[in-house]
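Next comes target29.cif, with mmCIF, C-alpha atoms and all ligand atoms.
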data_query
#
loop_
_atom_site.label_atom_id
_atom_site.label_comp_id
_atom_site.auth_asym_id
_atom_site.auth_seq_id
_atom_site.Cartn_x
_atom_site.Cartn_y
_atom_site.Cartn_z
CA MET A 1342 -4.16 23.91 -21.78
CA ASN A 1343 -5.36 23.73 -18.17
CA ASP A 1344 -2.90 22.78 -15.43
CA LYS A 1345 -2.44 19.06 -15.00
CA ILE A 1346 -4.45 17.40 -12.25
CA PHE A 1347 -2.51 14.47 -10.84
CA LEU A 1348 -3.71 11.11 -9.57
CA SER A 1349 -1.59 11.44 -6.42
CA SER A 1350 1.63 13.45 -6.28
CA PRO A 1351 4.13 14.34 -3.53
CA HIS A 1352 2.85 16.97 -1.11
CA MET A 1353 5.43 18.45 1.25
CA SER A 1354 4.25 20.35 4.35
CA ASP A 1355 3.62 24.12 4.09
CA GLU A 1356 5.58 24.49 7.32
CA GLY A 1357 8.77 23.05 5.79
CA TYR A 1358 9.17 20.31 8.43
CA GLU A 1359 10.88 18.02 5.91
CA LYS A 1360 13.49 20.64 5.02
CA ASP A 1361 14.28 21.23 8.71
CA TYR A 1362 15.04 17.56 9.29
CA VAL A 1363 17.06 17.31 6.08
CA GLN A 1364 18.96 20.48 7.08
CA GLN A 1365 19.82 18.84 10.42
CA ALA A 1366 21.29 15.90 8.53
CA PHE A 1367 23.42 18.30 6.47
CA ASP A 1368 24.46 20.37 9.50
CA THR A 1369 25.69 17.31 11.39
CA ASN A 1370 27.06 15.62 8.23
CA TRP A 1371 24.88 12.58 9.00
CA ILE A 1372 24.08 12.27 5.31
CA ALA A 1373 24.83 8.56 5.53
CA PRO A 1374 24.86 5.96 6.79
CA LEU A 1375 21.86 6.01 9.09
CA GLY A 1376 21.77 8.63 11.89
CA GLU A 1377 19.20 10.38 14.06
CA ASN A 1378 16.57 10.82 11.33
CA VAL A 1379 16.47 7.09 10.64
CA ASN A 1380 16.19 6.30 14.35
CA GLY A 1381 13.65 9.07 14.84
CA PHE A 1382 11.53 8.05 11.86
CA GLU A 1383 11.42 4.43 13.05
CA ARG A 1384 10.51 5.46 16.60
CA GLU A 1385 7.88 8.00 15.53
CA LEU A 1386 6.17 5.75 12.99
CA ALA A 1387 6.12 2.77 15.38
CA ALA A 1388 4.55 4.95 18.08
CA MET A 1389 1.97 6.37 15.68
CA VAL A 1390 0.73 3.00 14.41
CA GLY A 1391 1.13 1.22 17.77
CA SER A 1392 3.89 -1.24 16.96
CA LYS A 1393 6.81 -2.18 19.20
CA ASP A 1394 9.49 -1.76 16.55
CA ALA A 1395 10.14 -0.61 12.99
CA ALA A 1396 12.99 -0.82 10.47
CA ALA A 1397 13.34 1.96 7.86
CA LEU A 1398 14.19 0.46 4.46
CA SER A 1399 14.83 1.57 0.88
CA SER A 1400 11.34 0.60 -0.33
CA GLY A 1401 8.10 -1.10 0.55
CA THR A 1402 9.12 -3.93 -1.75
CA ALA A 1403 12.31 -4.45 0.29
CA ALA A 1404 10.17 -4.50 3.45
CA ILE A 1405 7.91 -7.25 2.01
CA HIS A 1406 11.00 -9.20 0.97
CA LEU A 1407 12.52 -9.06 4.46
CA ALA A 1408 9.15 -9.83 6.08
CA LEU A 1409 8.96 -13.03 4.02
CA LYS A 1410 12.52 -13.89 4.97
CA ALA A 1411 11.82 -13.16 8.65
CA ALA A 1412 8.77 -15.42 8.45
CA GLY A 1413 11.04 -18.21 7.24
CA VAL A 1414 9.75 -18.31 3.65
CA GLY A 1415 12.26 -20.00 1.36
CA GLU A 1416 12.66 -22.20 -1.67
CA GLY A 1417 9.51 -24.09 -2.64
CA ASP A 1418 7.31 -22.67 0.12
CA VAL A 1419 3.72 -21.65 -0.65
CA VAL A 1420 2.62 -18.06 0.11
CA PHE A 1421 -0.99 -16.85 -0.22
CA CYS A 1422 -1.28 -13.43 -1.82
CA PRO A 1423 -4.29 -11.41 -2.99
CA THR A 1424 -4.57 -11.42 -6.76
CA LEU A 1425 -5.89 -7.85 -6.84
CA THR A 1426 -2.81 -5.84 -5.93
CA PHE A 1427 0.27 -4.09 -7.27
CA SER A 1428 2.96 -6.52 -8.48
CA ALA A 1429 5.29 -5.35 -5.67
CA THR A 1430 3.23 -7.48 -3.26
CA ALA A 1431 3.95 -10.66 -5.22
CA ASN A 1432 7.46 -10.11 -6.62
CA PRO A 1433 9.29 -10.74 -3.32
CA ILE A 1434 7.65 -14.18 -3.10
CA ILE A 1435 9.58 -15.02 -6.28
CA TYR A 1436 12.78 -13.38 -4.91
CA GLN A 1437 12.60 -16.03 -2.16
CA ASN A 1438 12.05 -18.81 -4.76
CA ALA A 1439 8.68 -19.49 -3.16
CA THR A 1440 5.35 -20.13 -4.93
CA PRO A 1441 2.50 -17.61 -4.78
CA VAL A 1442 -1.09 -18.85 -4.67
CA PHE A 1443 -3.37 -15.98 -5.65
CA ILE A 1444 -6.59 -15.39 -3.73
CA ASP A 1445 -9.63 -13.59 -5.09
CA SER A 1446 -11.22 -10.44 -3.68
CA ASP A 1447 -14.38 -10.09 -1.62
CA GLU A 1448 -17.01 -7.71 -3.13
CA LYS A 1449 -17.54 -6.33 0.35
CA THR A 1450 -13.96 -5.09 0.88
CA TRP A 1451 -12.27 -5.52 -2.52
CA ASN A 1452 -9.52 -7.21 -0.48
CA MET A 1453 -8.77 -10.87 0.27
CA ASP A 1454 -11.95 -12.95 0.40
CA PRO A 1455 -12.01 -14.98 3.66
CA GLU A 1456 -14.03 -17.74 1.95
CA ALA A 1457 -11.45 -18.07 -0.84
CA LEU A 1458 -8.73 -18.01 1.82
CA LYS A 1459 -10.37 -20.97 3.60
CA GLU A 1460 -10.50 -22.84 0.32
CA ALA A 1461 -6.81 -22.10 -0.23
CA PHE A 1462 -5.89 -23.51 3.21
CA GLU A 1463 -7.81 -26.70 2.44
CA LYS A 1464 -5.92 -27.08 -0.80
CA TYR A 1465 -2.48 -25.98 0.44
CA PRO A 1466 -2.32 -26.74 4.20
CA GLU A 1467 1.50 -26.58 4.03
CA VAL A 1468 1.38 -22.83 3.31
CA LYS A 1469 4.17 -20.87 5.03
CA ALA A 1470 2.83 -17.29 5.06
CA VAL A 1471 -0.17 -15.19 4.07
CA ILE A 1472 0.16 -11.68 2.67
CA VAL A 1473 -2.90 -9.49 3.20
CA VAL A 1474 -3.21 -6.16 1.35
CA HIS A 1475 -5.29 -3.11 2.32
CA LEU A 1476 -5.90 -1.82 -1.18
CA TYR A 1477 -6.52 1.86 -1.87
CA GLY A 1478 -6.50 2.40 1.90
CA LEU A 1479 -9.52 0.14 2.53
CA SER A 1480 -9.12 -2.41 5.33
CA ALA A 1481 -9.33 -6.10 4.59
CA ASN A 1482 -11.74 -8.10 6.76
CA MET A 1483 -9.11 -8.62 9.49
CA ASP A 1484 -11.24 -10.37 12.14
CA GLN A 1485 -12.15 -13.18 9.78
CA ILE A 1486 -8.77 -13.38 8.07
CA MET A 1487 -6.83 -13.47 11.37
CA LYS A 1488 -9.18 -16.10 12.78
CA ILE A 1489 -8.56 -18.40 9.82
CA CYS A 1490 -4.80 -17.77 9.86
CA GLU A 1491 -4.60 -18.44 13.61
CA GLU A 1492 -6.40 -21.75 13.14
CA TYR A 1493 -3.66 -22.80 10.73
CA ASP A 1494 -0.91 -21.12 12.78
CA VAL A 1495 0.64 -19.39 9.79
CA ALA A 1496 2.66 -16.14 9.60
CA VAL A 1497 0.67 -13.11 8.44
CA ILE A 1498 2.29 -10.20 6.61
CA GLU A 1499 0.17 -7.10 6.03
CA ASP A 1500 1.04 -5.08 2.96
CA ALA A 1501 -0.19 -1.72 4.25
CA ALA A 1502 1.73 0.22 1.58
CA GLU A 1503 -1.47 2.02 0.59
CA SER A 1504 -3.08 2.22 4.02
CA LEU A 1505 -0.93 4.40 6.28
CA GLY A 1506 -3.53 6.28 8.35
CA THR A 1507 -6.21 3.58 7.92
CA TYR A 1508 -7.69 2.00 11.05
CA TYR A 1509 -9.73 -1.21 11.31
CA LYS A 1510 -11.96 -1.16 14.40
CA GLY A 1511 -9.73 1.52 15.88
CA LYS A 1512 -6.46 -0.41 15.38
CA HIS A 1513 -3.97 0.66 12.73
CA THR A 1514 -3.72 -1.53 9.62
CA GLY A 1515 -0.38 -3.33 9.50
CA THR A 1516 -0.46 -4.15 13.23
CA PHE A 1517 -2.70 -7.25 13.11
CA GLY A 1518 -0.29 -9.68 11.53
CA ASP A 1519 3.22 -10.73 12.51
CA TYR A 1520 4.70 -8.12 10.16
CA GLY A 1521 3.41 -4.91 8.60
CA VAL A 1522 4.78 -3.02 5.63
CA PHE A 1523 4.47 0.64 4.61
CA SER A 1524 5.69 2.45 1.51
CA PHE A 1525 6.80 6.05 1.03
CA ASN A 1526 6.97 5.88 -2.75
CA GLY A 1527 6.20 9.08 -4.66
CA ASN A 1528 2.46 8.61 -5.06
CA LYS A 1529 1.66 7.19 -1.61
CA ILE A 1530 -0.25 9.22 1.00
CA ILE A 1531 3.06 10.49 2.38
CA THR A 1532 6.37 10.14 0.59
CA THR A 1533 10.09 10.27 1.27
CA SER A 1534 10.76 10.25 -2.51
CA GLY A 1535 11.17 6.50 -2.04
CA GLY A 1536 11.35 4.25 0.98
CA GLY A 1537 9.58 1.72 3.12
CA MET A 1538 9.12 0.49 6.68
CA LEU A 1539 8.86 -2.95 8.21
CA ILE A 1540 7.01 -3.07 11.52
CA SER A 1541 6.56 -5.83 14.07
CA ASP A 1542 6.08 -6.40 17.79
CA ASP A 1543 8.87 -8.97 17.58
CA GLU A 1544 11.91 -6.76 18.20
CA GLU A 1545 14.30 -9.62 17.64
CA ARG A 1546 12.97 -10.23 14.13
CA VAL A 1547 13.10 -6.50 13.31
CA ALA A 1548 16.72 -6.39 14.49
CA LYS A 1549 17.40 -9.35 12.21
CA ALA A 1550 15.79 -7.50 9.28
CA ARG A 1551 18.07 -4.50 9.94
CA PHE A 1552 21.03 -6.88 9.95
CA TRP A 1553 20.06 -8.40 6.58
CA ALA A 1554 19.37 -4.90 5.21
CA THR A 1555 22.95 -3.79 5.93
CA GLN A 1556 24.67 -6.65 4.09
CA SER A 1557 24.48 -9.04 7.05
CA ARG A 1558 27.65 -7.78 8.68
CA ASP A 1559 28.55 -9.94 11.66
CA GLN A 1560 30.09 -8.41 14.81
CA ALA A 1561 33.77 -8.26 13.94
CA ARG A 1562 36.51 -5.73 13.23
CA HIS A 1563 36.86 -6.98 9.66
CA TYR A 1564 33.99 -7.69 7.25
CA GLU A 1565 32.59 -11.05 8.30
CA HIS A 1566 29.44 -12.54 6.74
CA SER A 1567 27.76 -15.73 7.81
CA GLU A 1568 24.50 -14.96 5.96
CA LEU A 1569 23.36 -13.56 2.63
CA GLY A 1570 23.01 -9.78 2.84
CA PHE A 1571 21.06 -6.99 1.16
CA ASN A 1572 21.57 -3.25 0.73
CA TYR A 1573 18.08 -2.23 1.82
CA ARG A 1574 18.54 0.50 4.45
CA MET A 1575 16.96 3.94 4.24
CA SER A 1576 19.36 6.91 4.17
CA ASN A 1577 19.35 9.55 6.90
CA VAL A 1578 18.46 12.31 4.39
CA VAL A 1579 15.44 10.38 3.10
CA ALA A 1580 14.34 9.60 6.67
CA GLY A 1581 14.35 13.35 7.38
CA VAL A 1582 11.71 13.84 4.68
CA GLY A 1583 9.70 11.02 6.27
CA ARG A 1584 9.77 12.57 9.77
CA GLY A 1585 8.45 15.83 8.34
CA GLN A 1586 5.75 14.08 6.32
CA LEU A 1587 4.57 12.10 9.34
CA LYS A 1588 3.60 15.41 10.99
CA VAL A 1589 1.08 16.13 8.22
CA LEU A 1590 -0.26 12.60 7.71
CA GLN A 1591 -3.54 13.35 9.50
CA ASP A 1592 -4.11 16.44 7.28
CA ARG A 1593 -3.51 14.29 4.21
CA VAL A 1594 -5.98 11.66 5.40
CA GLU A 1595 -8.63 14.34 5.99
CA LYS A 1596 -8.09 15.80 2.51
CA LYS A 1597 -8.26 12.35 0.88
CA ARG A 1598 -11.56 11.68 2.64
CA TYR A 1599 -12.84 15.09 1.57
CA ILE A 1600 -11.99 14.21 -2.05
CA PHE A 1601 -13.85 10.88 -1.78
CA ASN A 1602 -16.93 12.57 -0.32
CA TYR A 1603 -16.83 15.30 -2.95
CA TYR A 1604 -16.89 12.83 -5.84
CA LYS A 1605 -19.46 10.65 -4.16
CA LYS A 1606 -21.85 13.54 -3.59
CA ALA A 1607 -21.41 14.84 -7.13
CA LEU A 1608 -21.66 11.51 -8.94
CA GLU A 1609 -23.70 9.02 -6.94
CA LYS A 1610 -26.89 9.95 -8.78
CA PHE A 1611 -25.50 8.24 -11.88
CA GLU A 1612 -27.02 4.81 -11.56
CA ASP A 1613 -24.18 2.91 -13.16
CA ILE A 1614 -21.50 4.35 -10.83
CA THR A 1615 -20.63 2.48 -7.61
CA PHE A 1616 -18.00 3.85 -5.25
CA MET A 1617 -15.48 1.72 -3.39
CA PRO A 1618 -17.01 0.01 -0.34
CA MET A 1619 -17.09 1.72 3.05
CA ASN A 1620 -17.55 -0.79 5.86
CA SER A 1621 -18.68 0.12 9.37
CA TRP A 1622 -15.45 -1.24 10.89
CA ASP A 1623 -13.26 0.82 8.60
CA GLU A 1624 -11.67 4.27 8.96
CA PRO A 1625 -9.98 4.40 5.57
CA ASN A 1626 -7.36 6.89 4.47
CA CYS A 1627 -9.05 6.99 1.03
CA TRP A 1628 -5.63 6.97 -0.66
CA LEU A 1629 -7.35 6.87 -4.06
CA THR A 1630 -11.04 7.35 -4.76
CA VAL A 1631 -12.08 4.41 -6.92
CA MET A 1632 -15.41 3.75 -8.65
CA THR A 1633 -16.74 0.93 -10.77
CA LEU A 1634 -18.92 1.41 -13.83
CA ASN A 1635 -21.74 -1.01 -14.51
CA GLY A 1636 -23.35 0.55 -17.59
CA SER A 1637 -22.49 1.43 -21.16
CA VAL A 1638 -19.87 4.04 -20.21
CA ARG A 1639 -16.61 2.11 -19.93
CA PRO A 1640 -13.51 2.92 -17.84
CA LEU A 1641 -11.52 3.69 -20.97
CA ASP A 1642 -14.13 6.30 -22.06
CA VAL A 1643 -13.74 8.03 -18.72
CA ILE A 1644 -9.94 7.80 -18.58
CA THR A 1645 -9.62 9.14 -22.15
CA ALA A 1646 -12.06 12.00 -21.56
CA LEU A 1647 -10.10 13.02 -18.46
CA GLU A 1648 -6.77 12.65 -20.27
CA ASN A 1649 -7.98 15.04 -22.98
CA GLU A 1650 -8.53 17.63 -20.23
CA ASN A 1651 -5.04 17.03 -18.80
CA ILE A 1652 -6.43 15.05 -15.86
CA GLU A 1653 -4.75 11.85 -14.72
CA ALA A 1654 -6.86 8.75 -13.95
CA ARG A 1655 -6.12 5.04 -14.20
CA PRO A 1656 -7.66 1.59 -14.18
CA ILE A 1657 -7.76 -0.60 -11.06
CA TRP A 1658 -4.73 -2.88 -10.56
CA LYS A 1659 -4.77 -5.75 -13.04
CA PRO A 1660 -5.03 -9.01 -11.05
CA MET A 1661 -1.82 -11.01 -10.71
CA HIS A 1662 -3.37 -14.26 -12.00
CA LEU A 1663 -3.96 -12.45 -15.33
CA GLN A 1664 -0.39 -11.13 -15.61
CA PRO A 1665 1.83 -12.84 -18.18
CA PHE A 1666 4.58 -13.29 -15.58
CA PHE A 1667 2.34 -14.73 -12.85
CA GLU A 1668 -0.35 -16.66 -14.74
CA GLN A 1669 1.64 -19.91 -14.38
CA TYR A 1670 0.98 -19.90 -10.60
CA PRO A 1671 -2.18 -21.31 -8.99
CA SER A 1672 -5.11 -19.08 -8.10
CA ILE A 1673 -8.32 -19.49 -6.12
CA GLY A 1674 -11.40 -17.84 -7.62
CA GLY A 1675 -10.64 -14.72 -9.61
CA GLU A 1676 -13.96 -13.50 -11.01
CA VAL A 1677 -14.46 -10.73 -8.45
CA SER A 1678 -11.04 -9.18 -8.94
CA GLU A 1679 -11.37 -9.53 -12.70
CA GLY A 1680 -14.73 -7.73 -12.59
CA LEU A 1681 -13.23 -4.92 -10.52
CA PHE A 1682 -10.35 -4.60 -12.98
CA ASN A 1683 -12.70 -4.52 -15.98
CA ASN A 1684 -15.01 -1.92 -14.46
CA GLY A 1685 -12.84 0.20 -12.20
CA VAL A 1686 -11.49 3.75 -12.49
CA CYS A 1687 -9.16 5.47 -10.01
CA LEU A 1688 -10.04 9.17 -9.91
CA PRO A 1689 -7.52 11.95 -9.29
CA SER A 1690 -7.00 12.01 -5.53
CA ASP A 1691 -4.12 14.41 -5.19
CA THR A 1692 -4.12 16.18 -1.82
CA LYS A 1693 -3.08 19.45 -3.50
CA ILE A 1694 -6.30 19.38 -5.54
CA THR A 1695 -8.53 22.48 -5.16
CA ASP A 1696 -12.33 22.66 -5.23
CA GLU A 1697 -12.04 24.24 -8.70
CA ASP A 1698 -9.96 21.24 -9.85
CA LEU A 1699 -12.52 18.83 -8.38
CA GLU A 1700 -15.28 20.69 -10.19
CA ARG A 1701 -13.27 20.41 -13.41
CA VAL A 1702 -13.00 16.64 -12.95
CA VAL A 1703 -16.71 16.27 -12.18
CA LYS A 1704 -17.72 18.45 -15.14
CA THR A 1705 -15.60 16.36 -17.49
CA LEU A 1706 -17.15 13.16 -16.14
CA LYS A 1707 -20.70 14.47 -16.43
CA LYS A 1708 -20.04 15.31 -20.08
CA VAL A 1709 -19.14 11.65 -20.72
CA TRP A 1710 -22.48 10.51 -19.29
CA LEU A 1711 -24.61 13.21 -20.90
CA HIS A 1712 -22.91 12.77 -24.27
C1 LIG B 1 3.47 0.91 -3.57
C2 LIG B 1 3.11 -0.46 -3.19
C3 LIG B 1 4.10 -1.39 -2.83
C4 LIG B 1 5.58 -1.17 -3.01
O1 LIG B 1 6.12 -0.11 -2.37
P1 LIG B 1 7.51 0.52 -2.94
O2 LIG B 1 7.90 1.43 -1.85
O3 LIG B 1 7.14 1.25 -4.21
O4 LIG B 1 8.46 -0.57 -3.17
C5 LIG B 1 3.70 -2.64 -2.39
N1 LIG B 1 2.40 -2.97 -2.34
C6 LIG B 1 1.43 -2.12 -2.70
C7 LIG B 1 0.02 -2.57 -2.59
C8 LIG B 1 1.75 -0.85 -3.16
O5 LIG B 1 0.77 -0.02 -3.54
#
Kindly present the structure from the file in structure tokens form.
Amino acid sequence: MNDKIFLSSPHMSDEGYEKDYVQQAFDTNWIAPLGENVNGFERELAAMVGSKDAAALSSGTAAIHLALKAAGVGEGDVVFCPTLTFSATANPIIYQNATPVFIDSDEKTWNMDPEALKEAFEKYPEVKAVIVVHLYGLSANMDQIMKICEEYDVAVIEDAAESLGTYYKGKHTGTFGDYGVFSFNGNKIITTSGGGMLISDDEERVAKARFWATQSRDQARHYEHSELGFNYRMSNVVAGVGRGQLKVLQDRVEKKRYIFNYYKKALEKFEDITFMPMNSWDEPNCWLTVMTLNGSVRPLDVITALENENIEARPIWKPMHLQPFFEQYPSIGGEVSEGLFNNGVCLPSDTKITDEDLERVVKTLKKVWLH
């Protein structure tokens, strides 16, 4: 059997930057809690994306949860959320006992459709916050979305878990809204093995998020709590991995774009293949290369053929309004995201992939079409 080709797996630097930072944590015994790697990772990431402040947390999901809390979302509040996303975007809305209203995708970006968003505001003007996602590292249409959200004066949270390294009109995704969220889960463009970051220009709110994330310990000699707390902080060892990974982010982005261009060049002559949209405003990190199939070859045919060759591929995220757990909540539109789900395939986009591996993937795909 050939070696496995992964969808997207951890890729530590050749230089060993991550190990150096982790070693420092061991040498100083700052294994936990917190320490210089956590402070350094927050500072370095905030500077890279152009945000005033950042809080390193245990996951991207925790960061979304605290962003909602910081935005004042609580029991019974309405939160707009794209339907085409990973469930981690929507789950924290339920943690806060709020109600998600799912918004359809725009064909042009695959992300939140500004027209559907307008419709949602007309229907639910009392909405408390809007979560925007930059799926697969593609920017949402931020000019239009921000304009609508500003009209209604509502908090905007950007779930940029998949878009670290993606810029919209030269500005980093995650820095348009009131809060931005990144994830360092194992298959993201850079990883800490697990972790997340909450960013904002509002330093007071970020400080509050750090407070909640460390069990809401008030200033006192004994343990005093006047608010509900969470155990959501990132450890100093994990943050060391993150500082090292940040140094190679740009290399990873370049490789991801190379992979996208490789597939596109090799496969675009097949009439029924359409690649994910590239808009003029967008500098995407191409976290995953995704294509949709509009002919007789179905995503499952492709995924199975690749699987038989020990190559990992997967469908597009299944929309939230079609999920058994979430289907009870309202949704606006839904046909575009459903179409993307029915027709989409995520191709192996691992940054350790070689040209020989890419050729193996392409050859396997061509066999499906020429069959
Ligand atoms: C990965 C991901 C998350 C969650 O991040 P974790 O660090 O795994 O909690 C949230 N939203 C999207 C879109 C993601 O892809």
Q: Select, from A:Asp1698, A:Glu1668, A:Asp1691, A:Glu1499, the residue with the minimum atom-to-atom distance to ligand LIG 1 (chain B), counting all atoms listed in the file.
A: A:Glu1499
Rows by chain and residue number, region 1361-1399 of chain A within 8 Å of region 1567-1590 of chain A, shortest pair, all atoms listed in the file, as a tab-separated table:
residue	atom	partner	partner_atom	distance
A:Asp1361	CA	A:Gly1585	CA	8.0
A:Tyr1362	CA	A:Gly1581	CA	4.7
A:Val1363	CA	A:Gly1581	CA	5.0
A:Ala1366	CA	A:Val1578	CA	6.2
A:Trp1371	CA	A:Asn1577	CA	6.6
A:Ile1372	CA	A:Asn1577	CA	5.7
A:Ala1373	CA	A:Asn1577	CA	5.7
A:Pro1374	CA	A:Ser1576	CA	6.2
A:Leu1375	CA	A:Asn1577	CA	4.9
A:Gly1376	CA	A:Asn1577	CA	5.6
A:Glu1377	CA	A:Asn1577	CA	7.2
A:Asn1378	CA	A:Gly1581	CA	5.2
A:Val1379	CA	A:Ala1580	CA	5.2
A:Gly1381	CA	A:Arg1584	CA	7.3
A:Phe1382	CA	A:Arg1584	CA	5.3
A:Glu1385	CA	A:Arg1584	CA	7.6
A:Leu1386	CA	A:Leu1587	CA	7.5
A:Ala1397	CA	A:Met1575	CA	5.5
A:Leu1398	CA	A:Arg1574	CA	4.4
A:Ser1399	CA	A:Met1575	CA	4.6
Q. With only C-alpha atoms and all ligand atoms as the basis for distance, which of A:Ala1502, A:Ala1461, A:Ala1431, A:Ile1489 is at the shortest distance from ligand LIG 1 (chain B)?
A.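 The answer is A:Ala1502, which sits nearest to ligand LIG 1 (chain B).
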Would you mind listing the residues within 8 Å of ligand LIG 1 (chain B), counting all atoms listed in the file, as an mmCIF file with C-alpha atoms, in the frame of the given file?
data_model
loop_
_atom_site.group_PDB
_atom_site.id
_atom_site.type_symbol
_atom_site.label_atom_id
_atom_site.label_comp_id
_atom_site.auth_asym_id
_atom_site.auth_seq_id
_atom_site.Cartn_x
_atom_site.Cartn_y
_atom_site.Cartn_z
ATOM 1 C CA SER A 1399 14.830 1.570 0.880
ATOM 2 C CA SER A 1400 11.340 0.600 -0.330
ATOM 3 C CA GLY A 1401 8.100 -1.100 0.550
ATOM 4 C CA THR A 1402 9.120 -3.930 -1.750
ATOM 5 C CA ALA A 1403 12.310 -4.450 0.290
ATOM 6 C CA ALA A 1404 10.170 -4.500 3.450
ATOM 7 C CA ILE A 1405 7.910 -7.250 2.010
ATOM 8 C CA THR A 1426 -2.810 -5.840 -5.930
ATOM 9 C CA PHE A 1427 0.270 -4.090 -7.270
ATOM 10 C CA SER A 1428 2.960 -6.520 -8.480
ATOM 11 C CA ALA A 1429 5.290 -5.350 -5.670
ATOM 12 C CA THR A 1430 3.230 -7.480 -3.260
ATOM 13 C CA VAL A 1474 -3.210 -6.160 1.350
ATOM 14 C CA HIS A 1475 -5.290 -3.110 2.320
ATOM 15 C CA LEU A 1476 -5.900 -1.820 -1.180
ATOM 16 C CA TYR A 1477 -6.520 1.860 -1.870
ATOM 17 C CA ASP A 1500 1.040 -5.080 2.960
ATOM 18 C CA ALA A 1501 -0.190 -1.720 4.250
ATOM 19 C CA ALA A 1502 1.730 0.220 1.580
ATOM 20 C CA GLU A 1503 -1.470 2.020 0.590
ATOM 21 C CA PHE A 1523 4.470 0.640 4.610
ATOM 22 C CA SER A 1524 5.690 2.450 1.510
ATOM 23 C CA PHE A 1525 6.800 6.050 1.030
ATOM 24 C CA ASN A 1526 6.970 5.880 -2.750
ATOM 25 C CA GLY A 1527 6.200 9.080 -4.660
ATOM 26 C CA ASN A 1528 2.460 8.610 -5.060
ATOM 27 C CA LYS A 1529 1.660 7.190 -1.610
ATOM 28 C CA GLY A 1535 11.170 6.500 -2.040
ATOM 29 C CA GLY A 1536 11.350 4.250 0.980
ATOM 30 C CA GLY A 1537 9.580 1.720 3.120
#
Q) Between CA of Lys1488 (chain A) and CA of Phe1462 (chain A), what is the distance, to one decimal in Å? A)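 CA of Phe1462 (chain A) lies at a distance of 12.5 Å from CA of Lys1488 (chain A).
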Q. Which distance in Å separates CA of Asn1438 (chain A) and CA of Lys1410 (chain A), to one decimal?
A. 10.9 Å
**Q.** Interatomic distance, CA of Gly1515 (chain A) to CA of Val1686 (chain A) (Å, one decimal)
**A.**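 Here the two named atoms are 25.6 Å from each other.
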Q) Of the residues A:Ile1472, A:Lys1459, A:Lys1606, A:Tyr1509, which is the one nearest to Tyr1493 (chain A), using all atoms listed in the file? A)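 So, comparing all the options, the nearest one is A:Lys1459.
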Q. Using all atoms listed in the file, what residues lie at most 12 Å away from (-0.1, 2.4, 11.2) (file coordinates), given as an NGL selection string?
A. :A and (1383 or 1385-1395 or 1475 or 1478 or 1480 or 1499-1509 or 1511-1517 or 1520-1524 or 1538-1541 or 1587 or 1590-1591 or 1624-1626)
Q | Among listed residues A:Leu1634, A:Cys1490, A:Leu1647, A:Val1473, nearest Arg1701 (chain A) (using only C-alpha atoms) | A | A:Leu1647
Q | Gly1518 (chain A) surroundings by all atoms listed in the file, 8 Å radius, close-in-sequence under 6 positions cut, as a ChimeraX atom specification | A | /A:1487,1496-1499
Q) Which one of A:Pro1665, A:Pro1433, A:Gly1415, A:Gly1685 sits closest to Met1617 (chain A) if you count only C-alpha atoms? A) A:Gly1685
**Q.** Close residues, Lys1704 (chain A) itself excluded, 12 Å, all atoms listed in the file, min 6 positions apart in chain, as an NGL selection string
**A.** :A and (1604 or 1607-1608 or 1643 or 1646-1647 or 1650 or 1652 or 1697-1698 or 1710-1712)
Emit as AutoDock Vina command-line options the padded axis-aligned box for all listed atoms of region 1491-1509 of chain A, 6 Å per side, with centre and edge lengths in Å to one decimal.
--center_x -3.5 --center_y -8.3 --center_z 7.1 --size_x 24.4 --size_y 41.1 --size_z 25.0
